[in-house]
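S.K.: Here you go, one structure.
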Amino acid sequence: MGETMKRNEESNSQPVWNQAELLERVDDDQELLRELLTIFKEDYPRTVKILEGAVAGGDLKSCASLSHSLKGMLSNLGGTRAAAAAAELEKLASSPVENHLLKEALEVLQSEAASLLPELEAYMTEVRH
Amino acid sequence: MKILIAEDEALSRRLLEKTLERAGYEVITVENGKQALEQLCKHEGPRLALLDWVMPELDGPGVCRAVRTRADQTYVYMVLLTSKGSKEETVLGLESGADDYLTKPFNAEELRARLRVGERILLLEDRLVEARENMRFRATHDPLTSLLNRGAIMDLLSRELNRSRREQKSTAILLGDVDHFKRVNDTLGHVVGDEVLVEIANRLLGSVRSYDFVGRYGGEEFLVVLNSCDPNYAPGRAEDIRKSVSHRPIQTAKGPLSPTMSFGVLLSADWGPRPVEELLHEVDIALYEAKGAGRDCLRLAKPGPQAEVLSAALSQSARRRD
């Protein structure tokens, strides 16, 4: 089992989405929350797509910088596990590393982010009703 | 209060913007370090700044270093926002010139509290600058008229003479004395005398351009320095300044008074490179001539034998100008 997977298992004890933390950060402002989600839904896929290219091409500098941005947006949304996965990828890319480890870390990040979005969407729907 | 947010990532930027707007700040947002630096170097730009560490073009510590190298600018309180958190990085951030350091994701309450610290520091700086400016003003200005005092106007005159010499221009020096001022003090009292001096100072100041200088040279003597003054127009301008004092009565506590002034006028282009003390001596002689000619007039100081004779005569007699 790779080091990345091990770390990910450790972070599994954390919630996918730290709702309380995000609501406190936006001061319970649903309008702002909706706005942030819109930004996330636009920026996340775009950034990940470029990141995929950087990982495939072994461009460590771009890899580190893009995963840093993702870490920022995910942590601000309270996406604790996805943010931890982005941090892991950023850390890996900060020094020479085998490419399969980067790919593995990217997969973890994508999987964590994929479970975050439905939680956020579900909350927004609930609030609307 | 204005605050700058420099953050390249859109979601974090919007979140910070909204949080700080709610806290009552006037928020300016930029997306990279270069834009941040431009904003912080602007005249009356933001004095509080939240800077992301990792940014395109120039990183947060780079912005801090660049801001701190500027001289004579108001202090900018800078907080680095970053997910970096090791001791080495904290030291690096603070050594680059940042005042504080906050790890992401931020806690809104902590962020606001830390910015309030920044505001207190800026308020303290404002008070210190104000106190320094007051002291500087007191050291260079006459307390009664608020005109430049003798030392300050002499310094400016020396500087201006050097500049006009370098640029081959002419500086006009006007030394004026209030006619029969002693009578005002003796008959109406010093309070009225002071009122007259203050109003004359205002009239002199109102009669020159913003880049000319007016100073109180002595009791009732005033020195006016007209920078880059065309020698052909200088006598006319000097005459206008003289008339600006006497064109209407001065209202005092003891009724209206109509003081006049006599002036000695010297154009630096006529005299070539001479020490400032010598030029002042010559303009003093011209003023003496104006007094001798019946007062309420001006006389131009011209190099020549006549001036030298007068100069010798003056140095032998104690003068009373009144």
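By convention here, the chains of the structure tokens are called A, B, ... in the order presented, each chain's residues are numbered starting at 1, and ligands are numbered starting at 1 in the order presented.
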Quick one: residues within 8 Å of B:Glu26, only C-alpha atoms counted, chain neighbours fewer than 4 positions away excluded, as a PyMOL selection string?
M.R.: chain B and resi 1-3+20-21
S.K.: Could you take the residues named above and write them with N, CA, C and O atoms, as a short mmCIF file (atom, residue, chain, number, x, y, z; two decimals), in the first residue's frame?
M.R.:
data_model
loop_
_atom_site.label_atom_id
_atom_site.label_comp_id
_atom_site.auth_asym_id
_atom_site.auth_seq_id
_atom_site.Cartn_x
_atom_site.Cartn_y
_atom_site.Cartn_z
N MET B 1 -12.37 52.05 6.56
CA MET B 1 -10.94 51.97 6.25
C MET B 1 -10.72 51.02 5.08
O MET B 1 -11.35 49.98 4.99
N LYS B 2 -9.78 51.43 4.19
CA LYS B 2 -9.50 50.58 3.03
C LYS B 2 -8.65 49.38 3.42
O LYS B 2 -7.74 49.51 4.25
N ILE B 3 -8.94 48.24 2.81
CA ILE B 3 -8.10 47.07 3.02
C ILE B 3 -7.89 46.36 1.68
O ILE B 3 -8.81 46.30 0.86
N LEU B 20 -14.85 40.79 5.12
CA LEU B 20 -14.32 42.10 5.51
C LEU B 20 -15.29 43.24 5.20
O LEU B 20 -15.32 44.23 5.92
N GLU B 21 -16.08 43.06 4.17
CA GLU B 21 -17.11 44.07 3.89
C GLU B 21 -18.09 44.11 5.06
O GLU B 21 -18.49 45.18 5.50
#
S.K.: Any idea what's packed within 10 Å of stretch 263-271 of chain B, counting only C-alpha atoms, ignoring anything in its chain fewer than 6 positions away? Could you give it as a PyMOL selection string?
M.R.: chain B and resi 161+164-165+168-179+221-226+229-232+234-235+238-239+241-242+278-280+282-291+295-303
S.K.: With only C-alpha atoms as the basis for distance, which of A:Ala93, A:Leu36, A:Leu51, A:Leu22 is at the shortest distance from A:Ala64?
M.R.: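 Result for the nearest residue to A:Ala64: A:Ala93.
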S.K.: Give one line per residue of chain A that approaches chain B to at most 7 Å, naming the two atoms of the closest pair and their distance in Å to one decimal, counting only C-alpha atoms; sort by chain then ascending residue number and deliver it as CSV.
M.R.:
residue,atom,partner,partner_atom,distance
A:Arg25,CA,B:Ala108,CA,5.9
A:Leu36,CA,B:Leu11,CA,5.9
A:Ile39,CA,B:Leu11,CA,6.0
A:Phe40,CA,B:Leu11,CA,6.7
A:Ser69,CA,B:Glu9,CA,6.1
A:Gly72,CA,B:Ser12,CA,6.8
A:Met73,CA,B:Leu11,CA,5.8
A:Ser75,CA,B:Pro105,CA,5.9
A:Asn76,CA,B:Pro105,CA,5.4
S.K.: How far is it from atom CA of A:Leu33 to atom CA of B:Ala36, in Å with one decimal?
M.R.: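 We find that atom CA of A:Leu33 and atom CA of B:Ala36 lie 26.4 Å from each other.
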S.K.: As a VMD selection string, please: all residues of stretch 121-303 of chain B that backbone DSSP puts in strand (DSSP E).
M.R.: chain B and resid 172 to 178 213 to 216 221 to 226 250 to 252 255 to 257 261 to 267 298 to 301
S.K.: Using the selection just defined, write its residues with N, CA and C atoms as a short mmCIF file (atom, residue, chain, number, x, y, z; two decimals), in the first residue's frame.
M.R.:
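Output contents, as saved in part-v1.cif:
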data_model
loop_
_atom_site.label_atom_id
_atom_site.label_comp_id
_atom_site.auth_asym_id
_atom_site.auth_seq_id
_atom_site.Cartn_x
_atom_site.Cartn_y
_atom_site.Cartn_z
N ALA B 172 13.77 86.41 -7.24
CA ALA B 172 13.58 87.77 -6.74
C ALA B 172 13.47 87.72 -5.21
N ILE B 173 14.28 88.57 -4.55
CA ILE B 173 14.23 88.64 -3.08
C ILE B 173 13.61 89.98 -2.70
N LEU B 174 12.56 89.94 -1.94
CA LEU B 174 11.89 91.17 -1.49
C LEU B 174 12.00 91.24 0.03
N LEU B 175 12.63 92.31 0.51
CA LEU B 175 12.69 92.50 1.96
C LEU B 175 11.79 93.69 2.28
N GLY B 176 10.74 93.46 3.04
CA GLY B 176 9.77 94.51 3.31
C GLY B 176 9.71 94.85 4.78
N ASP B 177 9.42 96.11 5.06
CA ASP B 177 9.32 96.57 6.44
C ASP B 177 8.05 97.42 6.57
N VAL B 178 7.30 97.20 7.63
CA VAL B 178 6.05 97.95 7.82
C VAL B 178 6.40 99.38 8.25
N PHE B 213 7.87 81.82 -1.52
CA PHE B 213 7.97 81.71 -0.06
C PHE B 213 7.80 83.08 0.59
N VAL B 214 7.13 83.07 1.74
CA VAL B 214 7.01 84.30 2.53
C VAL B 214 7.41 83.96 3.96
N GLY B 215 8.27 84.76 4.54
CA GLY B 215 8.69 84.49 5.91
C GLY B 215 8.73 85.75 6.75
N ARG B 216 8.65 85.56 8.06
CA ARG B 216 8.81 86.71 8.96
C ARG B 216 10.29 86.77 9.28
N GLU B 221 9.59 92.95 9.86
CA GLU B 221 10.22 92.75 8.56
C GLU B 221 9.80 91.40 7.97
N PHE B 222 9.51 91.44 6.69
CA PHE B 222 9.08 90.21 6.01
C PHE B 222 9.97 89.98 4.79
N LEU B 223 10.26 88.71 4.53
CA LEU B 223 11.08 88.35 3.37
C LEU B 223 10.21 87.54 2.42
N VAL B 224 10.17 87.99 1.17
CA VAL B 224 9.40 87.27 0.15
C VAL B 224 10.37 86.76 -0.91
N VAL B 225 10.27 85.50 -1.25
CA VAL B 225 11.16 84.91 -2.26
C VAL B 225 10.29 84.47 -3.44
N LEU B 226 10.53 85.10 -4.59
CA LEU B 226 9.76 84.73 -5.79
C LEU B 226 10.64 83.82 -6.65
N ILE B 250 -6.92 97.71 7.48
CA ILE B 250 -6.96 96.50 8.30
C ILE B 250 -7.87 96.77 9.49
N GLN B 251 -8.83 95.87 9.70
CA GLN B 251 -9.73 96.06 10.84
C GLN B 251 -9.05 95.54 12.11
N THR B 252 -8.94 96.38 13.09
CA THR B 252 -8.33 95.95 14.36
C THR B 252 -9.31 96.22 15.50
N GLY B 255 -10.11 99.84 15.81
CA GLY B 255 -10.54 100.50 14.58
C GLY B 255 -9.66 100.18 13.39
N PRO B 256 -10.08 100.68 12.23
CA PRO B 256 -9.33 100.37 11.00
C PRO B 256 -8.00 101.12 10.94
N LEU B 257 -7.00 100.43 10.41
CA LEU B 257 -5.67 101.04 10.23
C LEU B 257 -5.24 100.82 8.79
N MET B 261 3.94 99.54 3.42
CA MET B 261 5.23 98.87 3.55
C MET B 261 6.23 99.43 2.55
N SER B 262 7.48 99.40 2.94
CA SER B 262 8.57 99.74 2.02
C SER B 262 9.32 98.45 1.72
N PHE B 263 9.83 98.36 0.50
CA PHE B 263 10.51 97.14 0.09
C PHE B 263 11.85 97.42 -0.58
N GLY B 264 12.80 96.58 -0.29
CA GLY B 264 14.01 96.48 -1.10
C GLY B 264 13.83 95.24 -1.96
N VAL B 265 14.21 95.34 -3.22
CA VAL B 265 14.01 94.21 -4.15
C VAL B 265 15.34 93.89 -4.83
N LEU B 266 15.66 92.60 -4.92
CA LEU B 266 16.91 92.19 -5.56
C LEU B 266 16.63 91.01 -6.49
N LEU B 267 17.21 91.09 -7.68
CA LEU B 267 17.06 89.99 -8.63
C LEU B 267 18.39 89.25 -8.70
N LEU B 298 9.16 100.98 -3.30
CA LEU B 298 10.22 99.97 -3.32
C LEU B 298 11.42 100.49 -4.09
N ARG B 299 12.55 99.93 -3.79
CA ARG B 299 13.78 100.27 -4.51
C ARG B 299 14.48 98.99 -4.91
N LEU B 300 15.04 99.04 -6.12
CA LEU B 300 15.69 97.86 -6.65
C LEU B 300 17.18 97.89 -6.31
N ALA B 301 17.72 96.80 -5.82
CA ALA B 301 19.15 96.73 -5.52
C ALA B 301 19.91 96.41 -6.80
#
S.K.: For B:Gly193, work out the shell of residues within 8 Å, counting only C-alpha atoms and skipping chain neighbours fewer than 5 positions away, then give it as number ranges by chain.
M.R.: B: 181, 184-185, 188
S.K.: Suppose you want the space between atom CA of B:Arg132 and atom CA of B:Val117; what is it in Å?
M.R.: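 Between atom CA of B:Arg132 and atom CA of B:Val117 the gap works out to 22.7 Å.
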S.K.: Mind pulling up the distance from atom CA of B:Arg163 to atom CA of B:Gly304?
M.R.: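 Separation of atom CA of B:Gly304 and atom CA of B:Arg163: 25.1 Å.
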S.K.: In terms of the shortest atom-to-atom distance over only C-alpha atoms, which of B:Val276, B:Arg127, B:Val91, B:Lys243 is closest to B:Leu156?
M.R.: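 Among the listed residues, B:Val276 lies closest to B:Leu156.
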S.K.: For A:His68, which of B:Thr29, B:Glu88, B:Leu157, B:Trp53 is the closest residue, counting only C-alpha atoms?
M.R.: B:Trp53
S.K.: Can you tell me, as a PyMOL selection string, what residues are no more than 12 Å from B:Leu94 when counting only C-alpha atoms, ignoring any on the same chain fewer than 3 positions away?
M.R.: chain B and resi 53+60-62+64-65+68+77-81+87-91+97-102
